Structures are given as C-alpha cells and as structure tokens.
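**Student:** One file is attached below, structure31.cif, containing mmCIF, C-alpha atoms.
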```cif
data_final
loop_
_atom_site.label_atom_id
_atom_site.label_comp_id
_atom_site.auth_asym_id
_atom_site.auth_seq_id
_atom_site.Cartn_x
_atom_site.Cartn_y
_atom_site.Cartn_z
CA MET Y 159 7.86 72.36 32.05
CA ASN Y 160 4.79 74.58 31.89
CA PRO Y 161 1.80 72.74 33.46
CA SER Y 162 -0.51 73.53 30.55
CA MET Y 163 2.06 72.29 28.04
CA TYR Y 164 2.62 69.18 30.15
CA SER Y 165 -1.13 68.50 30.10
CA ILE Y 166 -1.26 68.91 26.31
CA ILE Y 167 1.65 66.49 25.85
CA LEU Y 168 0.06 63.92 28.18
CA SER Y 169 -3.19 64.28 26.24
CA ASN Y 170 -1.32 63.52 23.03
CA VAL Y 171 0.18 60.41 24.63
CA ALA Y 172 -3.34 59.23 25.49
CA ILE Y 173 -4.77 60.20 22.09
CA GLY Y 174 -2.03 58.34 20.21
CA THR Y 175 -2.75 55.14 22.14
CA ILE Y 176 -6.51 55.48 21.65
CA ILE Y 177 -6.08 56.06 17.88
CA THR Y 178 -4.01 52.87 17.59
CA MET Y 179 -6.39 50.80 19.71
CA THR Y 180 -9.48 51.86 17.73
CA SER Y 181 -8.08 51.82 14.18
CA HIS Y 182 -8.66 49.19 11.49
CA HIS Y 183 -6.25 50.68 8.93
CA TRP Y 184 -2.50 50.08 9.18
CA LEU Y 185 -1.54 53.68 8.37
CA LEU Y 186 -3.89 55.05 11.03
CA ALA Y 187 -2.48 52.61 13.60
CA TRP Y 188 1.06 53.66 12.66
CA ILE Y 189 0.13 57.35 13.00
CA GLY Y 190 -1.18 56.64 16.51
CA LEU Y 191 2.08 54.90 17.45
CA GLU Y 192 4.12 57.82 16.10
CA LEU Y 193 2.00 60.40 17.94
CA ASN Y 194 2.40 58.38 21.12
CA THR Y 195 6.19 58.15 20.72
CA LEU Y 196 6.73 61.80 19.82
CA ALA Y 197 4.57 62.94 22.75
CA ILE Y 198 6.43 60.89 25.37
CA VAL Y 199 9.89 62.08 24.23
CA PRO Y 200 9.69 65.60 25.81
CA ILE Y 201 8.29 64.04 29.00
CA ILE Y 202 11.38 61.85 29.32
CA ALA Y 203 13.73 64.74 28.46
CA LYS Y 204 12.17 67.35 30.77
CA GLN Y 205 14.63 66.74 33.62
CA HIS Y 206 17.52 68.53 31.79
CA HIS Y 207 20.04 65.96 32.96
CA PRO Y 208 22.62 64.10 30.81
CA ARG Y 209 21.16 60.76 31.87
CA ALA Y 210 17.66 61.91 30.88
CA THR Y 211 19.01 63.03 27.51
CA GLU Y 212 20.65 59.65 27.01
CA ALA Y 213 17.43 57.84 27.95
CA THR Y 214 15.44 60.03 25.54
CA THR Y 215 17.83 59.30 22.68
CA LYS Y 216 17.76 55.55 23.30
CA TYR Y 217 13.99 55.51 23.59
CA PHE Y 218 13.45 57.59 20.47
CA LEU Y 219 15.84 55.60 18.26
CA THR Y 220 14.48 52.24 19.42
CA GLN Y 221 10.83 53.22 19.04
CA GLU Y 222 11.39 54.76 15.62
CA ALA Y 223 13.22 51.65 14.41
CA ALA Y 224 10.29 49.54 15.63
CA SER Y 225 7.78 51.88 13.97
CA ALA Y 226 9.73 51.67 10.69
CA MET Y 227 9.56 47.86 10.90
CA ILE Y 228 5.80 47.99 11.50
CA LEU Y 229 5.25 50.41 8.61
CA PHE Y 230 7.40 48.30 6.26
CA ALA Y 231 5.61 45.09 7.30
CA SER Y 232 2.17 46.61 6.75
CA THR Y 233 3.25 48.10 3.39
CA VAL Y 234 4.61 44.75 2.16
CA ASN Y 235 1.44 43.01 3.31
CA ALA Y 236 -0.76 45.62 1.58
CA TRP Y 237 1.35 45.27 -1.60
CA THR Y 238 0.80 41.50 -1.56
CA THR Y 239 -2.82 41.26 -0.45
CA GLY Y 240 -4.17 44.58 -1.77
CA SER Y 241 -5.67 45.48 1.61
CA TRP Y 242 -4.61 47.85 4.40
CA ASP Y 243 -7.03 46.23 6.87
CA ILE Y 244 -5.31 45.14 10.08
CA SER Y 245 -7.24 41.87 10.15
CA GLN Y 246 -5.94 40.93 6.66
CA LEU Y 247 -2.35 40.22 7.72
CA THR Y 248 -1.63 37.06 5.71
CA TYR Y 249 1.84 37.53 4.15
CA PRO Y 250 4.27 35.41 6.27
CA PRO Y 251 7.37 37.67 5.98
CA GLY Y 252 5.20 40.65 6.88
CA CYS Y 253 3.82 38.78 9.91
CA ALA Y 254 7.33 37.94 11.14
CA LEU Y 255 8.58 41.52 10.66
CA LEU Y 256 5.51 42.93 12.40
CA THR Y 257 6.06 40.58 15.34
CA LEU Y 258 9.66 41.80 15.69
CA GLY Y 259 8.61 45.46 15.47
CA LEU Y 260 5.89 45.13 18.12
CA SER Y 261 8.20 43.07 20.35
CA MET Y 262 10.83 45.82 20.15
CA LYS Y 263 8.23 48.42 21.06
CA LEU Y 264 7.14 46.38 24.07
CA GLY Y 265 10.63 45.43 25.23
CA LEU Y 266 10.34 41.67 24.83
CA ALA Y 267 13.64 39.78 25.00
CA PRO Y 268 15.92 39.57 23.06
CA LEU Y 269 14.87 43.10 21.99
CA HIS Y 270 14.72 44.39 25.57
CA PHE Y 271 18.08 46.14 26.02
CA TRP Y 272 16.64 49.66 25.81
CA LEU Y 273 14.08 49.29 28.59
CA PRO Y 274 16.28 49.13 31.76
CA GLU Y 275 18.51 51.96 30.53
CA VAL Y 276 15.58 54.21 29.63
CA LEU Y 277 13.80 53.63 32.93
CA GLN Y 278 16.98 54.37 34.89
CA GLY Y 279 17.25 57.80 33.24
CA THR Y 280 13.68 58.91 33.93
CA SER Y 281 11.62 59.97 36.93
CA MET Y 282 9.28 57.57 38.71
CA ASN Y 283 6.20 59.12 37.11
CA THR Y 284 7.63 58.81 33.60
CA ALA Y 285 8.83 55.27 34.29
CA LEU Y 286 5.31 54.37 35.39
CA ILE Y 287 3.91 55.67 32.10
CA ILE Y 288 6.51 53.75 30.06
CA VAL Y 289 5.90 50.37 31.73
CA THR Y 290 2.09 50.62 31.84
CA TRP Y 291 0.37 52.99 29.40
CA GLN Y 292 2.99 52.67 26.66
CA LYS Y 293 2.37 48.90 26.51
CA LEU Y 294 -1.30 49.25 25.61
CA ALA Y 295 -0.96 50.23 21.94
CA PRO Y 296 1.51 47.48 20.88
CA ILE Y 297 -0.38 44.81 22.83
CA SER Y 298 -3.67 45.91 21.26
CA LEU Y 299 -2.12 45.50 17.80
CA MET Y 300 -0.83 42.05 18.76
CA PHE Y 301 -4.31 41.23 20.04
CA MET Y 302 -5.88 42.23 16.71
CA VAL Y 303 -3.45 40.14 14.61
CA HIS Y 304 -3.01 37.19 16.98
CA ASN Y 305 -4.38 34.77 14.36
CA SER Y 306 -1.56 35.73 11.98
CA ILE Y 307 1.32 35.55 14.50
CA ASN Y 308 3.45 32.41 14.53
CA PRO Y 309 2.76 30.78 17.94
CA MET Y 310 6.23 29.20 18.16
CA ILE Y 311 7.96 32.58 17.72
CA MET Y 312 5.90 34.08 20.52
CA LEU Y 313 6.48 31.09 22.82
CA ILE Y 314 10.25 31.25 22.26
CA MET Y 315 10.27 34.99 22.97
CA ALA Y 316 8.10 34.35 26.04
CA MET Y 317 10.62 31.85 27.45
CA ILE Y 318 13.56 34.15 26.74
CA SER Y 319 11.74 37.13 28.29
CA THR Y 320 10.78 35.33 31.50
CA LEU Y 321 14.31 33.98 31.90
CA THR Y 322 15.87 37.38 31.11
CA GLY Y 323 13.52 39.22 33.46
CA GLY Y 324 14.24 36.83 36.33
CA TRP Y 325 17.97 36.49 35.75
CA GLY Y 326 18.60 40.16 34.96
CA GLY Y 327 16.89 41.44 38.10
CA LEU Y 328 18.99 39.37 40.49
CA ASN Y 329 22.11 41.57 40.52
CA GLN Y 330 20.42 44.99 40.31
CA THR Y 331 20.48 47.59 43.08
CA GLN Y 332 18.47 50.33 41.34
CA MET Y 333 14.72 50.02 41.87
CA ARG Y 334 13.83 51.33 38.41
CA LYS Y 335 16.05 48.74 36.74
CA ILE Y 336 14.53 46.03 38.91
CA MET Y 337 11.05 47.14 37.84
CA ALA Y 338 12.22 47.18 34.21
CA PHE Y 339 13.29 43.53 34.40
CA SER Y 340 10.04 42.81 36.22
CA SER Y 341 8.19 44.35 33.27
CA ILE Y 342 10.19 42.18 30.82
CA ALA Y 343 9.27 39.04 32.79
CA HIS Y 344 5.57 39.95 32.93
CA LEU Y 345 5.56 40.74 29.21
CA GLY Y 346 7.01 37.27 28.63
CA TRP Y 347 4.00 35.71 30.36
CA MET Y 348 1.67 37.83 28.20
CA ALA Y 349 3.51 36.80 25.04
CA GLY Y 350 3.23 33.14 26.01
CA ILE Y 351 -0.56 33.25 26.23
CA LEU Y 352 -1.15 35.69 23.33
CA THR Y 353 -1.85 33.09 20.63
CA LEU Y 354 -3.58 30.61 22.95
CA ASN Y 355 -6.15 32.50 25.03
CA GLN Y 356 -6.74 36.22 24.57
CA ASN Y 357 -9.04 36.52 27.61
CA ILE Y 358 -6.20 35.50 29.91
CA LEU Y 359 -3.94 37.98 28.09
CA ILE Y 360 -6.30 40.86 28.92
CA LEU Y 361 -6.60 39.65 32.51
CA ASN Y 362 -2.81 39.41 32.86
CA LEU Y 363 -2.31 42.90 31.40
CA SER Y 364 -4.95 44.39 33.71
CA LEU Y 365 -3.49 42.78 36.82
CA TYR Y 366 0.03 43.79 35.79
CA ILE Y 367 -1.02 47.44 35.56
CA ILE Y 368 -2.98 47.21 38.83
CA MET Y 369 0.08 45.82 40.65
CA THR Y 370 2.75 47.98 39.00
CA ALA Y 371 1.01 51.35 39.41
CA PRO Y 372 0.87 51.37 43.26
CA MET Y 373 4.41 49.97 43.36
CA PHE Y 374 5.81 52.98 41.49
CA LEU Y 375 3.61 55.40 43.46
CA MET Y 376 4.90 54.01 46.77
CA LEU Y 377 8.50 54.27 45.59
CA LYS Y 378 7.80 57.86 44.58
CA TYR Y 379 6.19 58.78 47.92
CA THR Y 380 9.13 57.36 49.89
CA THR Y 381 11.78 58.63 47.41
CA SER Y 382 13.23 55.11 47.27
CA LYS Y 383 15.51 54.81 44.26
CA THR Y 384 17.85 52.04 45.40
CA ILE Y 385 17.68 48.92 47.55
CA LYS Y 386 19.59 50.83 50.24
CA ASP Y 387 16.70 53.30 50.50
CA LEU Y 388 14.34 50.42 51.30
CA THR Y 389 16.32 49.55 54.42
CA THR Y 390 15.10 52.70 56.18
CA MET Y 391 11.49 52.50 54.98
CA TRP Y 392 10.12 50.57 57.97
CA THR Y 393 11.30 53.26 60.41
CA THR Y 394 10.43 56.31 58.32
CA SER Y 395 7.09 55.16 56.89
CA PRO Y 396 5.76 51.90 58.35
CA GLN Y 397 2.31 52.57 56.88
CA ILE Y 398 3.85 52.17 53.42
CA ALA Y 399 6.42 49.45 54.19
CA ALA Y 400 3.85 46.84 55.18
CA PRO Y 401 1.68 47.01 52.03
CA LEU Y 402 4.82 47.41 49.91
CA MET Y 403 6.14 44.10 51.24
CA ILE Y 404 2.94 42.26 50.33
CA LEU Y 405 2.77 44.04 46.98
CA LEU Y 406 6.29 42.86 46.10
CA MET Y 407 5.31 39.29 46.89
CA SER Y 408 2.18 39.68 44.75
CA LEU Y 409 4.30 40.91 41.84
CA GLY Y 410 6.45 37.82 42.27
CA GLY Y 411 3.40 35.58 41.93
CA LEU Y 412 3.42 34.18 45.47
CA PRO Y 413 0.12 32.48 46.39
CA PRO Y 414 -2.41 33.33 47.75
CA LEU Y 415 -1.92 36.87 46.40
CA THR Y 416 -3.37 38.28 43.19
CA GLY Y 417 -0.14 37.98 41.19
CA PHE Y 418 -0.40 34.19 41.35
CA MET Y 419 -3.67 34.20 39.39
CA PRO Y 420 -2.38 34.98 35.84
CA LYS Y 421 0.64 32.67 36.21
CA TRP Y 422 -1.60 29.85 37.40
CA LEU Y 423 -4.04 30.29 34.51
CA ILE Y 424 -1.28 30.60 31.90
CA LEU Y 425 0.53 27.48 33.10
CA GLN Y 426 -2.76 25.59 33.08
CA GLU Y 427 -3.46 26.74 29.51
CA LEU Y 428 0.04 25.78 28.31
CA VAL Y 429 -0.36 22.28 29.77
CA THR Y 430 -3.78 22.00 28.12
CA TYR Y 431 -2.14 22.65 24.72
CA ASN Y 432 0.52 19.95 25.43
CA LEU Y 433 3.24 22.56 26.01
CA ALA Y 434 4.39 21.20 29.36
CA PRO Y 435 8.16 21.73 28.68
CA ILE Y 436 7.58 25.42 27.94
CA ALA Y 437 5.35 25.72 31.01
CA THR Y 438 8.09 24.12 33.14
CA ILE Y 439 10.75 26.56 31.89
CA MET Y 440 8.49 29.55 32.52
CA ALA Y 441 7.59 28.30 36.00
CA ILE Y 442 11.28 27.89 36.87
CA SER Y 443 12.02 31.38 35.57
CA ALA Y 444 9.20 32.70 37.78
CA LEU Y 445 11.15 31.39 40.77
CA LEU Y 446 14.07 33.65 39.80
CA SER Y 447 11.77 36.67 39.83
CA LEU Y 448 10.18 35.54 43.09
CA PHE Y 449 13.63 35.32 44.71
CA PHE Y 450 14.55 38.97 44.19
CA TYR Y 451 11.01 40.08 45.07
CA LEU Y 452 11.24 38.20 48.38
CA ARG Y 453 14.67 39.73 48.94
CA LEU Y 454 13.26 43.22 48.40
CA SER Y 455 10.28 42.56 50.68
CA TYR Y 456 12.65 41.31 53.38
CA ILE Y 457 14.83 44.41 53.04
CA ALA Y 458 11.79 46.72 53.11
CA THR Y 459 10.67 45.33 56.47
CA LEU Y 460 14.06 45.49 58.24
CA THR Y 461 13.69 47.53 61.41
CA MET Y 462 16.66 49.87 61.75
CA HIS Y 463 17.18 52.31 64.61
CA PRO Y 464 17.78 55.91 63.41
CA THR Y 465 21.15 56.03 65.12
CA THR Y 466 22.53 53.20 62.96
CA THR Y 467 22.81 55.42 59.90
CA LYS Y 468 24.86 58.53 59.26
CA ASP Y 469 22.24 60.05 56.97
CA SER Y 470 20.20 62.40 59.16
CA ASN Y 471 18.14 63.90 56.35
CA LYS Y 472 16.30 60.65 55.69
CA TRP Y 473 14.92 60.57 59.23
CA ARG Y 474 13.52 64.08 58.91
CA PHE Y 475 11.58 63.05 55.85
CA GLN Y 476 7.83 62.75 56.43
CA PRO Y 477 6.17 61.06 53.43
CA LYS Y 478 2.74 62.05 52.22
CA PRO Y 479 -0.09 59.70 53.18
CA LEU Y 480 -1.13 57.29 50.45
CA THR Y 481 -4.00 58.55 48.35
CA THR Y 482 -7.29 56.65 48.04
CA PRO Y 483 -6.63 55.48 44.43
CA THR Y 484 -3.22 54.13 45.45
CA MET Y 485 -4.69 52.22 48.40
CA THR Y 486 -7.51 50.90 46.21
CA LEU Y 487 -5.07 49.59 43.59
CA THR Y 488 -2.94 48.09 46.37
CA MET Y 489 -5.90 46.20 47.83
CA LEU Y 490 -6.93 44.96 44.36
CA SER Y 491 -3.40 43.73 43.74
CA LEU Y 492 -3.55 41.64 46.92
CA LEU Y 493 -7.04 40.17 47.24
CA LEU Y 494 -8.31 39.14 43.79
CA LEU Y 495 -7.15 35.50 43.77
CA PRO Y 496 -10.40 34.10 45.32
CA MET Y 497 -12.30 35.71 42.42
CA THR Y 498 -10.45 33.65 39.77
CA PRO Y 499 -13.58 31.62 38.81
CA LEU Y 500 -15.39 34.87 38.00
CA PHE Y 501 -12.72 35.94 35.50
CA CYS Y 502 -12.18 32.53 33.87
CA PRO Y 503 -15.21 30.30 34.48
#
```
Go through the file and emit its structure as structure tokens.

**Tutor:**
Amino acid sequence: MNPSMYSIILSNVAIGTIITMTSHHWLLAWIGLELNTLAIVPIIAKQHHPRATEATTKYFLTQEAASAMILFASTVNAWTTGSWDISQLTYPPGCALLTLGLSMKLGLAPLHFWLPEVLQGTSMNTALIIVTWQKLAPISLMFMVHNSINPMIMLIMAMISTLTGGWGGLNQTQMRKIMAFSSIAHLGWMAGILTLNQNILILNLSLYIIMTAPMFLMLKYTTSKTIKDLTTMWTTSPQIAAPLMILLMSLGGLPPLTGFMPKWLILQELVTYNLAPIATIMAISALLSLFFYLRLSYIATLTMHPTTTKDSNKWRFQPKPLTTPTMTLTMLSLLLLPMTPLFCP
C-alpha cells in the first residue's frame, strides 16, 4: 500500500474514534463508528492473502451488524423519548440492544467469536490496532451511558468473558489467538467494573493498552507467531526474552507486577458491593489466564543450543533493538503497582 494512502487511512481511523468519543448526538457517534470501521478494513486486507481476505470479511460483517444494532437502538430511544442526546438513553429495550451492539463491537463473550479469527488473519501491527485503539470508541460510549446499562447484564457478560478468555487460551499455539483471548479476558474485567466504578474502568483500560502494546511490538521484532518461535527467543534475542517473560506475567496479573493492580481493585470493589460470588468466579478465571501466561513465560526463557534445531535461518536473524517508547511502555507495565494509592486514594 502507498505510504501516503496508508497515512490517510490511519488518520481516518483516529478521526472516527475521536468523533465518537467527543459526540453528544447518537447519529454523530454512529458516523464516527462507521468511519472507524470503514477505515480499518483496507488495513486488514492489505496483505493480499486469502486469510487476510477472510479476516476482513468477518470483521466487516460483525462490525456492521453491531453498528446496525446501535443505530436501531438509538433510533428507537429517540422515537420514544424525543431526544437524540446520548445521555438521554432511558428506553429499556433500547438500552439492552445498545449493550449487545457495543459488546459485539468490543468482542465481549458470548459475542466474541470473530476476534480470534480476525487477529489470526492480520499482521502484528494491525492486530495491535484492533485490540487497543479499536476498543476506545465502544468503551467511551459505554462510559457515557453507564447509568442506563443494566448492571446484571454486564456482570454476567463479564463472568462469561473472563472464563472464555482463560479457558480459550489454554489450547492455543498461535500467539495472535492467545492475545485475542487475553483481550477477551481483560475486556471481561472492564465490563465487570463498568457500572460500579468508572475511574477503575479507565485505569484498567489504560494499563491494558500499556501492557498489550509492548507485547505485540516485541512479538513483531522477534517475528514470533507461534509458541514454537518463543523457544528460540532466549538464544536469538536475550535482551527481549527477559522483559517479555516479566511482561507476560504482568498481563496474567501476577503480583507484584502492574497487571495485578486493576484485578485487585476490581475484586475489592465487587466485594464492597456484596458481589463476592461474582468476584470469586472472576478470580478463579484469572488463574486460568495466569496459567497459560506462566507457560508462555517459561517457554520464552528456555535456553536452547543452536545445534538442537534444524532451522538455520532463525539463528541468522538479528532483531532490531527495542525502541525507547517500547522500553518505556514495558517499564510502566511492570513497576506501577506501588503507585496504586495515587490512582485510587
């Protein structure tokens, strides 16, 4: 793809998200979502590969179905209340339909089936955009209408998402699919706290992006697409394998790393609202995610002698050094837990 055209398309992706996040009118928010979706489609399809075409088709159909739900919900609500203001979402069927539409856009279980397949058919850069930037617009809409969303629906979807993300990632060998199920699990934690404490939601989203971005960048630098590729990482690029191991444990929520902070605060908030059974189920599901993260970190630090593999090309590969932004995000994703009182006094 032409670099100038690629820049224009990426700008449209950003503009669509910004329009949705700053709008107060349902039609304007829907236009931002549509611009965002239509701009990301050629980015997914630019590889000219059958799998990329399949991923593009699945992404487009799913996102358009979700957008149609959102438009229908906002139209029904405007018909009933006489207002297109986002804050005036009071019609219960419209609220339920909007929740389903936004959940499908995010990839919350049980509407998550498109996310692993789409990520598997894209490049690492595109997958990073899908699991980070593309979540901002739907979550901002959920944030604006959190008073109108049924808390029990969100808590049920949160439990299903955390269980699905932990259980689904156990038998995967492709790193992009593992990160897709990781995204589903993290979105479940965000959905669980959405209607209870919005400050923790923003903190969780920020830390999720801070941890996920360097993870994808490290996988891109080392060209690691499967678990098998991780087995040679310690020998080929030890300067990346060590922080990658700690980053994986942080994503799993292992204390005393940064990833433990949002889970700790969310569980504490759920218990405060007398939702201890839900908190218990989500904590148990976090152990499933932690298991495959620990397995990946163990595999990434295996020391293998070059003569033990028949693939000679891998040993000639010299990865690029990590850039300063990547190292900065990596350090933030590891060392923020002691600052928890500053974020939530």

**Student:** Given the PyMOL selection byres ((chain Y and resi 302-318) around 8) and the file above, list the residues it selects as a count of residues only.

**Tutor:** 29

**Student:** Can you list what the PyMOL selection byres ((chain Y and resi 380-382) around 9) grabs from this structure, as an NGL selection string?

**Tutor:** :Y and (333 or 375-379 or 383-388 or 391 or 394-395 or 398 or 475-478)

**Student:** Would you write out, as a VMD selection string, every residue that the PyMOL selection byres ((chain Y and resi 421-426) around 8) captures in this file?

**Tutor:** chain Y and resid 347 350 to 351 358 411 417 to 420 427 to 430 437 441

**Student:** Given only C-alpha atoms as the basis, pick out the residue of Y:Gln246, Y:Thr280, Y:Met262, Y:Leu269 nearest to His207 in chain Y.

**Tutor:**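 Nearest candidate to His207 in chain Y out of Y:Gln246, Y:Thr280, Y:Met262, Y:Leu269: Y:Thr280.
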
**Student:** Between Y:Ala295, Y:Leu328, Y:Ile442, Y:Trp242, which is the closest to Leu191 in chain Y once you count only C-alpha atoms?

**Tutor:**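 Selected residue with least distance to Leu191 in chain Y: Y:Ala295.
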
**Student:** Can you work out the spacing between CA of Thr211 in chain Y and CA of His344 in chain Y in Å, to one decimal?

**Tutor:**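 Atom-to-atom, CA of Thr211 in chain Y to CA of His344 in chain Y, that is 27.3 Å.
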
**Student:** Using Å and a single decimal, report how far CA of Ser340 in chain Y sits from CA of Met373 in chain Y.

**Tutor:**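 Interatomic distance, CA of Met373 in chain Y to CA of Ser340 in chain Y: 11.6 Å.
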
**Student:** Which of these residues is nearest to Ala371 in chain Y, using all atoms listed in the file: Y:Met403, Y:Ile287, Y:Ala343, Y:Leu415?

**Tutor:**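 Nearest candidate to Ala371 in chain Y out of Y:Met403, Y:Ile287, Y:Ala343, Y:Leu415: Y:Ile287.
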
**Student:** If we count only C-alpha atoms, what is near Lys216 in chain Y at a cut-off of 12 Å, once residues fewer than 6 positions away on the same chain are taken out, given as number ranges by chain?

**Tutor:** Y: 199, 202-203, 209-210, 222-223, 270-280

**Student:** Point out the residue among Y:Thr284, Y:Thr290, Y:Thr239, Y:Thr233 with the least atom-to-atom distance to Ser341 in chain Y, counting all atoms listed in the file.

**Tutor:**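 The shortest atom-to-atom distance to Ser341 in chain Y comes from Y:Thr290.
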
**Student:** Counting all atoms listed in the file, which residue out of Y:Gln292, Y:Met337, Y:Gly265, Y:Pro435 sits closest to Met179 in chain Y?

**Tutor:**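 Once distances to Met179 in chain Y are computed over all atoms listed in the file, the minimum belongs to Y:Gln292.
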
**Student:** Using only C-alpha atoms, can you tell me which of Y:Pro396, Y:Thr389, Y:Thr416, Y:Thr215 comes closest to Tyr456 in chain Y?

**Tutor:** Y:Thr389

**Student:** Could you tell me how far CA of Leu405 in chain Y sits from CA of Leu448 in chain Y, in Å to one decimal place?

**Tutor:** 11.9 Å

**Student:** Which residues are near Leu256 in chain Y? Cut-off 7 Å, all atoms listed in the file, ignore same chain within fewer than 6 positions. Put them as a list in words.

**Tutor:**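 Once the nearby chain positions are removed, what remains is Met227, Ile228 and Ala231 of chain Y.
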